[in-house]
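A.B. asks: Please find model22.tsv (TSV, C-alpha atoms) on the next line:
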```
chain	number	residue	atom	x	y	z
I	134	MET	CA	-37.51	-38.71	41.49
I	135	GLY	CA	-38.52	-42.22	42.43
I	136	ASN	CA	-36.63	-43.89	45.27
I	137	LYS	CA	-33.33	-42.16	44.58
I	138	PRO	CA	-32.10	-40.33	47.66
I	139	ALA	CA	-31.38	-36.62	47.40
I	140	ARG	CA	-27.79	-35.93	46.44
I	141	GLU	CA	-25.76	-35.02	49.51
I	142	PRO	CA	-24.06	-31.64	49.32
I	143	PRO	CA	-20.27	-31.62	49.52
I	144	LEU	CA	-18.60	-30.71	52.78
I	145	SER	CA	-18.50	-26.99	53.42
I	146	LYS	CA	-15.22	-25.10	53.72
I	147	ARG	CA	-15.94	-24.75	57.46
I	148	GLN	CA	-16.46	-28.51	57.85
I	149	LEU	CA	-13.27	-29.22	55.93
I	150	GLN	CA	-11.33	-26.85	58.18
I	151	GLN	CA	-12.85	-28.46	61.27
I	152	TYR	CA	-11.79	-31.93	60.13
I	153	THR	CA	-8.28	-30.82	59.23
I	154	GLN	CA	-7.96	-29.33	62.72
I	155	THR	CA	-9.33	-32.37	64.57
I	156	THR	CA	-7.82	-35.18	62.49
I	157	HIS	CA	-4.50	-35.94	60.80
I	158	PHE	CA	-5.93	-35.45	57.30
I	159	SER	CA	-5.56	-32.66	54.75
I	160	GLU	CA	-8.57	-31.06	53.02
I	161	ALA	CA	-7.98	-33.21	49.94
I	162	GLU	CA	-7.83	-36.36	52.08
I	163	VAL	CA	-11.00	-35.42	54.01
I	164	THR	CA	-12.79	-34.80	50.71
I	165	ALA	CA	-11.63	-38.18	49.34
I	166	LEU	CA	-12.73	-39.88	52.56
I	167	TYR	CA	-16.12	-38.16	52.34
I	168	HIS	CA	-16.69	-39.50	48.82
I	169	HIS	CA	-15.52	-42.94	49.92
I	170	TYR	CA	-17.82	-42.76	52.96
I	171	LYS	CA	-20.80	-41.86	50.76
I	172	ARG	CA	-20.08	-44.82	48.50
I	173	ILE	CA	-19.80	-47.24	51.43
I	174	SER	CA	-22.88	-45.83	53.22
I	175	SER	CA	-25.06	-46.52	50.19
I	176	SER	CA	-23.58	-49.89	49.23
I	177	ILE	CA	-26.29	-51.97	50.94
I	178	GLN	CA	-28.83	-49.47	52.22
I	179	ARG	CA	-29.01	-45.89	50.97
I	180	ASP	CA	-29.34	-44.26	54.38
I	181	GLY	CA	-26.26	-42.04	54.56
I	182	VAL	CA	-24.61	-43.98	57.41
I	183	ILE	CA	-22.38	-47.03	57.48
I	184	ASP	CA	-23.70	-50.09	59.27
I	185	GLN	CA	-21.57	-53.04	60.31
I	186	ASN	CA	-22.32	-55.07	57.18
I	187	GLU	CA	-21.36	-52.19	54.89
I	188	PHE	CA	-18.16	-51.70	56.89
I	189	ARG	CA	-17.28	-55.40	56.60
I	190	GLN	CA	-18.05	-55.39	52.89
I	191	ALA	CA	-15.92	-52.28	52.30
I	192	LEU	CA	-12.97	-53.93	53.98
I	193	GLY	CA	-13.50	-57.22	52.18
I	194	ALA	CA	-14.11	-58.97	55.49
I	195	GLY	CA	-16.20	-62.04	56.04
I	196	VAL	CA	-19.35	-62.14	58.14
I	197	ASN	CA	-17.42	-63.26	61.23
I	198	SER	CA	-14.47	-60.90	61.20
I	199	VAL	CA	-13.79	-60.22	64.87
I	200	PHE	CA	-10.98	-57.77	64.07
I	201	VAL	CA	-13.10	-55.68	61.67
I	202	ASP	CA	-16.00	-55.76	64.14
I	203	ARG	CA	-13.69	-54.43	66.87
I	204	ILE	CA	-12.58	-51.58	64.63
I	205	PHE	CA	-16.22	-50.77	63.85
I	206	THR	CA	-17.10	-50.77	67.56
I	207	ILE	CA	-14.20	-48.46	68.37
I	208	PHE	CA	-15.14	-46.05	65.57
I	209	ASP	CA	-18.80	-46.06	66.73
I	210	SER	CA	-18.24	-43.54	69.53
I	211	ASN	CA	-21.95	-42.94	70.22
I	212	HIS	CA	-22.70	-46.70	70.30
I	213	ASP	CA	-25.67	-46.59	67.91
I	214	SER	CA	-24.30	-49.38	65.68
I	215	LEU	CA	-23.90	-46.93	62.79
I	216	LEU	CA	-20.96	-44.82	61.64
I	217	SER	CA	-21.53	-41.17	60.84
I	218	PHE	CA	-18.95	-39.44	58.67
I	219	ASP	CA	-17.60	-37.75	61.80
I	220	GLU	CA	-17.01	-41.13	63.49
I	221	PHE	CA	-15.56	-42.57	60.29
I	222	VAL	CA	-13.01	-39.80	59.68
I	223	HIS	CA	-11.99	-39.50	63.34
I	224	GLY	CA	-11.65	-43.27	63.65
I	225	LEU	CA	-9.46	-43.52	60.57
I	226	SER	CA	-7.35	-40.62	61.80
I	227	GLY	CA	-5.99	-42.82	64.59
I	228	PHE	CA	-4.68	-45.25	61.98
I	229	CYS	CA	-3.21	-42.51	59.79
I	230	ASP	CA	0.55	-42.46	59.26
I	231	ARG	CA	0.55	-38.97	60.78
I	232	ALA	CA	-0.99	-40.19	64.06
I	233	ASN	CA	1.59	-40.25	66.80
I	234	ARG	CA	2.77	-43.45	68.46
I	235	ASP	CA	0.70	-42.86	71.60
I	236	GLU	CA	-2.52	-42.48	69.60
I	237	LYS	CA	-1.80	-45.71	67.73
I	238	LEU	CA	-0.88	-47.50	70.95
I	239	GLU	CA	-4.14	-46.47	72.61
I	240	LEU	CA	-6.21	-47.40	69.57
I	241	SER	CA	-4.53	-50.77	69.07
I	242	PHE	CA	-4.87	-51.58	72.78
I	243	ARG	CA	-8.61	-50.88	72.54
I	244	VAL	CA	-8.86	-53.39	69.68
I	245	TYR	CA	-7.68	-56.17	72.01
I	246	ASP	CA	-9.44	-54.90	75.16
I	247	ILE	CA	-12.81	-56.23	74.03
I	248	ASP	CA	-14.71	-55.60	77.27
I	249	GLY	CA	-13.18	-52.15	77.76
I	250	ASP	CA	-11.96	-52.79	81.31
I	251	GLY	CA	-8.47	-51.41	80.65
I	252	TYR	CA	-6.80	-54.83	80.48
I	253	ILE	CA	-6.32	-57.55	77.90
I	254	SER	CA	-7.32	-60.91	79.35
I	255	LYS	CA	-6.21	-64.28	78.06
I	256	GLU	CA	-9.73	-64.82	76.70
I	257	GLU	CA	-9.64	-61.53	74.78
I	258	LEU	CA	-6.22	-62.25	73.33
I	259	MET	CA	-7.31	-65.79	72.44
I	260	SER	CA	-10.36	-64.41	70.62
I	261	MET	CA	-8.27	-61.96	68.60
I	262	LEU	CA	-5.56	-64.56	67.91
I	263	ARG	CA	-8.13	-67.02	66.57
I	264	ALA	CA	-9.70	-64.26	64.47
I	265	SER	CA	-6.30	-63.31	63.05
I	266	LEU	CA	-5.55	-66.91	62.16
I	267	VAL	CA	-8.89	-67.27	60.39
I	268	ASN	CA	-8.26	-64.07	58.43
I	269	LEU	CA	-4.77	-65.23	57.42
I	270	GLY	CA	-6.22	-68.47	56.11
I	271	ALA	CA	-2.89	-70.03	55.15
I	272	LEU	CA	-1.63	-70.43	58.73
I	273	HIS	CA	-3.22	-73.37	60.54
I	274	LEU	CA	-2.46	-73.88	64.21
I	275	SER	CA	-3.96	-76.54	66.42
I	276	GLU	CA	-5.74	-75.53	69.63
I	277	ASP	CA	-2.68	-76.71	71.57
I	278	GLN	CA	-0.38	-74.53	69.46
I	279	ILE	CA	-2.66	-71.51	69.94
I	280	ILE	CA	-2.61	-72.03	73.71
I	281	ARG	CA	1.19	-72.27	73.68
I	282	VAL	CA	1.44	-68.99	71.73
I	283	LEU	CA	-0.98	-67.39	74.18
I	284	ASP	CA	0.94	-68.68	77.22
I	285	ALA	CA	4.27	-67.57	75.75
I	286	THR	CA	2.88	-64.12	75.04
I	287	PHE	CA	1.53	-63.74	78.56
I	288	SER	CA	4.76	-65.08	80.04
I	289	GLU	CA	6.70	-62.38	78.20
I	290	VAL	CA	4.26	-59.45	78.43
I	291	ASP	CA	2.44	-59.90	81.76
I	292	ILE	CA	5.30	-58.49	83.82
I	293	ASN	CA	3.46	-58.43	87.16
I	294	HIS	CA	1.93	-61.91	86.55
I	295	ASP	CA	-1.63	-60.86	87.40
I	296	GLY	CA	-3.10	-62.84	84.49
I	297	ARG	CA	-3.89	-59.80	82.35
I	298	ILE	CA	-2.02	-57.28	80.23
I	299	SER	CA	-2.24	-53.65	81.30
I	300	PHE	CA	-1.79	-50.75	78.91
I	301	GLU	CA	1.74	-50.15	80.24
I	302	GLU	CA	2.68	-53.81	79.70
I	303	TYR	CA	1.18	-53.69	76.21
I	304	LYS	CA	3.09	-50.50	75.46
I	305	LEU	CA	6.40	-52.12	76.44
I	306	MET	CA	5.65	-55.08	74.16
I	307	VAL	CA	4.79	-52.83	71.21
I	308	LEU	CA	7.91	-50.72	71.71
I	309	ARG	CA	9.95	-53.93	71.46
I	310	ASN	CA	7.92	-55.02	68.40
I	311	PRO	CA	7.06	-51.85	66.42
I	312	ILE	CA	5.75	-53.87	63.48
I	313	ILE	CA	2.52	-54.24	65.47
I	314	LEU	CA	1.76	-50.55	64.91
I	315	GLU	CA	3.10	-50.51	61.38
I	316	ASN	CA	0.48	-53.10	60.42
I	317	LEU	CA	-2.24	-50.75	61.69
I	318	THR	CA	-1.23	-47.75	59.60
I	319	VAL	CA	-3.16	-46.15	56.74
I	320	GLN	CA	-1.00	-44.17	54.32
I	321	SER	CA	-2.40	-40.64	54.00
I	322	LYS	CA	-1.06	-40.07	50.50
I	323	ALA	CA	-3.01	-43.08	49.23
I	324	ILE	CA	-6.26	-41.66	50.62
I	325	ALA	CA	-6.12	-38.51	48.49
I	326	LYS	CA	-5.55	-40.66	45.40
I	327	MET	CA	-8.68	-42.77	45.98
I	328	PRO	CA	-11.16	-42.42	43.12
I	329	PRO	CA	-14.31	-40.43	44.01
```
Take the structure in the file and write it out as structure tokens.
C.D. replies:
Amino acid sequence: MGNKPAREPPLSKRQLQQYTQTTHFSEAEVTALYHHYKRISSSIQRDGVIDQNEFRQALGAGVNSVFVDRIFTIFDSNHDSLLSFDEFVHGLSGFCDRANRDEKLELSFRVYDIDGDGYISKEELMSMLRASLVNLGALHLSEDQIIRVLDATFSEVDINHDGRISFEEYKLMVLRNPIILENLTVQSKAIAKMPP
């Protein structure tokens, strides 16, 4: 009655099985994610999909969170600026602790490869570095210090000195610094314990 949307039915057994076969989540985790998705998708507008503002709000991110916006863009596989449950659960699966290293490498590389050309440019890395510093809040670097960090990173990672970081160069860097992937990992056990 009134403006209340119709209550969404729970996922069917078939849907649950499909998601457990195509993601790294168990049935209990998919169900918990579905309830979480429904809560997020109705937090600002009750339309059954997650828009960018709802995604930012759910992650406690500010209006100008470049990192969160990149994650949203990567999850949004059909590029309609909205996340369906399918996009949400498959996107999160890449961050799951059960995702293999190659999946996490590919996903994390895509976060930095803003224009999707298969390389990380200095401008893209600078944008993400600035965004990370803003999100950290406590760490304040001058523009000169940021440029030195950027130059040092490229000096170490850009093996062929072509002014951009390829996936293979990125992979070598991450293998030497595995904490990069550890910081992008969602613990599966915690998902199933989320309140409905």
A.B. asks: Using all atoms listed in the file, what does the table of segment 210-285 of chain I residues within 12 Å of segment 180-188 of chain I look like, with each row giving the shortest atom pair and its distance in Å to one decimal, sorted by chain and ascending number, as CSV?
C.D. replies:
```
residue,atom,partner,partner_atom,distance
I:His212,CA,I:Asp184,CA,11.6
I:Asp213,CA,I:Asp184,CA,9.5
I:Ser214,CA,I:Asp184,CA,6.5
I:Leu215,CA,I:Asp184,CA,4.7
I:Leu216,CA,I:Ile183,CA,4.9
I:Ser217,CA,I:Val182,CA,5.4
I:Phe218,CA,I:Val182,CA,7.4
I:Asp219,CA,I:Val182,CA,10.4
I:Glu220,CA,I:Ile183,CA,10.0
I:Phe221,CA,I:Ile183,CA,8.6
```
A.B. asks: Take the selection from the previous step and output its residues with C-alpha atoms, as a PDB file, in the frame of the given file.
C.D. replies:
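part.pdb, written as the output of this step:
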```
ATOM      1  CA  HIS I 212     -22.700 -46.700  70.300  1.00  0.00           C
ATOM      2  CA  ASP I 213     -25.670 -46.590  67.910  1.00  0.00           C
ATOM      3  CA  SER I 214     -24.300 -49.380  65.680  1.00  0.00           C
ATOM      4  CA  LEU I 215     -23.900 -46.930  62.790  1.00  0.00           C
ATOM      5  CA  LEU I 216     -20.960 -44.820  61.640  1.00  0.00           C
ATOM      6  CA  SER I 217     -21.530 -41.170  60.840  1.00  0.00           C
ATOM      7  CA  PHE I 218     -18.950 -39.440  58.670  1.00  0.00           C
ATOM      8  CA  ASP I 219     -17.600 -37.750  61.800  1.00  0.00           C
ATOM      9  CA  GLU I 220     -17.010 -41.130  63.490  1.00  0.00           C
ATOM     10  CA  PHE I 221     -15.560 -42.570  60.290  1.00  0.00           C
TER      11      PHE I 221
END
```
A.B. asks: Closest to Phe228 of chain I among I:Ile173, I:Ala191, I:Met306, I:Leu240, using only C-alpha atoms?
C.D. replies: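 Closest residue, counting only C-alpha atoms: I:Leu240.
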A.B. asks: To one decimal place in Å, what is the distance between atom CA of Gln278 of chain I and atom CA of Pro311 of chain I?
C.D. replies: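 Computed distance, atom CA of Gln278 of chain I to atom CA of Pro311 of chain I, equals 24.1 Å.
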A.B. asks: Excluding Val282 of chain I and residues on its chain fewer than 6 positions from it, collect all residues at most 10 Å away from it, counting all atoms listed in the file, and give them as a PyMOL selection string.
C.D. replies: chain I and resi 259+262+274+276+288
A.B. asks: Kindly give the distance, in Å, that separates atom CA of Leu149 of chain I and atom CA of Phe208 of chain I, rounded to a single decimal.
C.D. replies: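 Atom CA of Leu149 of chain I sits 19.5 Å away from atom CA of Phe208 of chain I.
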A.B. asks: Please compute the atom CA of Asn211 of chain I-atom CA of Tyr152 of chain I distance, one decimal, in Å.
C.D. replies: 18.1 Å
A.B. asks: I:Ser174, I:Pro143, I:Val199, I:Cys229: which is nearest His157 of chain I, counting all atoms listed in the file?
C.D. replies: I:Cys229
A.B. asks: Can segment 142-153 of chain I be brought up to all heavy atoms and written out as a compact mmCIF listing (two decimals), keeping the file's coordinate frame?
C.D. replies:
```
# COMPACT_ATOMS: atom_id res chain seq x y z
N PRO I 142 -24.97 -32.74 49.68
CA PRO I 142 -24.06 -31.64 49.32
C PRO I 142 -22.64 -31.97 49.77
O PRO I 142 -22.44 -32.72 50.73
CB PRO I 142 -24.62 -30.45 50.10
CG PRO I 142 -25.36 -31.05 51.24
CD PRO I 142 -25.87 -32.39 50.76
N PRO I 143 -21.66 -31.39 49.09
CA PRO I 143 -20.27 -31.62 49.52
C PRO I 143 -20.04 -30.97 50.88
O PRO I 143 -20.85 -30.15 51.34
CB PRO I 143 -19.45 -30.96 48.42
CG PRO I 143 -20.37 -29.98 47.77
CD PRO I 143 -21.76 -30.51 47.94
N LEU I 144 -18.96 -31.33 51.50
CA LEU I 144 -18.60 -30.71 52.78
C LEU I 144 -18.34 -29.23 52.56
O LEU I 144 -17.74 -28.83 51.56
CB LEU I 144 -17.35 -31.37 53.36
CG LEU I 144 -17.50 -32.82 53.81
CD1 LEU I 144 -16.13 -33.39 54.16
CD2 LEU I 144 -18.44 -32.94 54.99
N SER I 145 -18.76 -28.43 53.51
CA SER I 145 -18.50 -26.99 53.42
C SER I 145 -17.04 -26.70 53.76
O SER I 145 -16.35 -27.54 54.34
CB SER I 145 -19.41 -26.23 54.39
OG SER I 145 -19.01 -26.50 55.74
N LYS I 146 -16.59 -25.52 53.40
CA LYS I 146 -15.22 -25.10 53.72
C LYS I 146 -15.01 -25.14 55.24
O LYS I 146 -13.96 -25.57 55.71
CB LYS I 146 -14.97 -23.69 53.17
CG LYS I 146 -13.56 -23.23 53.28
CD LYS I 146 -12.68 -23.98 52.28
CE LYS I 146 -11.30 -23.39 52.25
NZ LYS I 146 -10.35 -24.26 51.59
N ARG I 147 -16.02 -24.74 55.98
CA ARG I 147 -15.94 -24.75 57.46
C ARG I 147 -15.79 -26.19 57.99
O ARG I 147 -14.99 -26.44 58.88
CB ARG I 147 -17.18 -24.08 58.03
CG ARG I 147 -17.16 -23.94 59.53
CD ARG I 147 -18.33 -23.05 59.99
NE ARG I 147 -18.44 -23.12 61.42
CZ ARG I 147 -19.46 -23.66 62.05
NH1 ARG I 147 -20.50 -24.15 61.38
NH2 ARG I 147 -19.50 -23.71 63.37
N GLN I 148 -16.56 -27.11 57.43
CA GLN I 148 -16.46 -28.51 57.85
C GLN I 148 -15.08 -29.07 57.52
O GLN I 148 -14.49 -29.77 58.33
CB GLN I 148 -17.55 -29.35 57.18
CG GLN I 148 -18.95 -29.09 57.69
CD GLN I 148 -19.99 -29.80 56.84
OE1 GLN I 148 -20.02 -29.66 55.62
NE2 GLN I 148 -20.85 -30.56 57.51
N LEU I 149 -14.61 -28.75 56.32
CA LEU I 149 -13.27 -29.22 55.93
C LEU I 149 -12.21 -28.71 56.90
O LEU I 149 -11.34 -29.46 57.35
CB LEU I 149 -12.94 -28.76 54.50
CG LEU I 149 -13.56 -29.56 53.37
CD1 LEU I 149 -13.31 -28.86 52.04
CD2 LEU I 149 -13.03 -30.97 53.34
N GLN I 150 -12.29 -27.43 57.24
CA GLN I 150 -11.33 -26.85 58.18
C GLN I 150 -11.43 -27.52 59.55
O GLN I 150 -10.42 -27.80 60.20
CB GLN I 150 -11.53 -25.34 58.30
CG GLN I 150 -11.10 -24.59 57.08
CD GLN I 150 -11.48 -23.11 57.13
OE1 GLN I 150 -12.34 -22.68 57.90
NE2 GLN I 150 -10.82 -22.32 56.29
N GLN I 151 -12.65 -27.79 59.98
CA GLN I 151 -12.85 -28.46 61.27
C GLN I 151 -12.19 -29.83 61.27
O GLN I 151 -11.49 -30.18 62.21
CB GLN I 151 -14.34 -28.59 61.57
CG GLN I 151 -14.63 -29.36 62.84
CD GLN I 151 -16.11 -29.68 63.01
OE1 GLN I 151 -16.96 -29.28 62.23
NE2 GLN I 151 -16.41 -30.45 64.05
N TYR I 152 -12.38 -30.58 60.20
CA TYR I 152 -11.79 -31.93 60.13
C TYR I 152 -10.27 -31.88 60.01
O TYR I 152 -9.58 -32.74 60.57
CB TYR I 152 -12.42 -32.76 59.01
CG TYR I 152 -13.82 -33.22 59.35
CD1 TYR I 152 -14.89 -32.90 58.53
CD2 TYR I 152 -14.07 -33.95 60.51
CE1 TYR I 152 -16.18 -33.32 58.84
CE2 TYR I 152 -15.35 -34.36 60.83
CZ TYR I 152 -16.40 -34.04 60.00
OH TYR I 152 -17.68 -34.45 60.33
N THR I 153 -9.75 -30.90 59.31
CA THR I 153 -8.28 -30.82 59.23
C THR I 153 -7.67 -30.41 60.56
O THR I 153 -6.52 -30.73 60.84
CB THR I 153 -7.81 -29.84 58.12
OG1 THR I 153 -8.30 -28.54 58.39
CG2 THR I 153 -8.24 -30.33 56.75
```
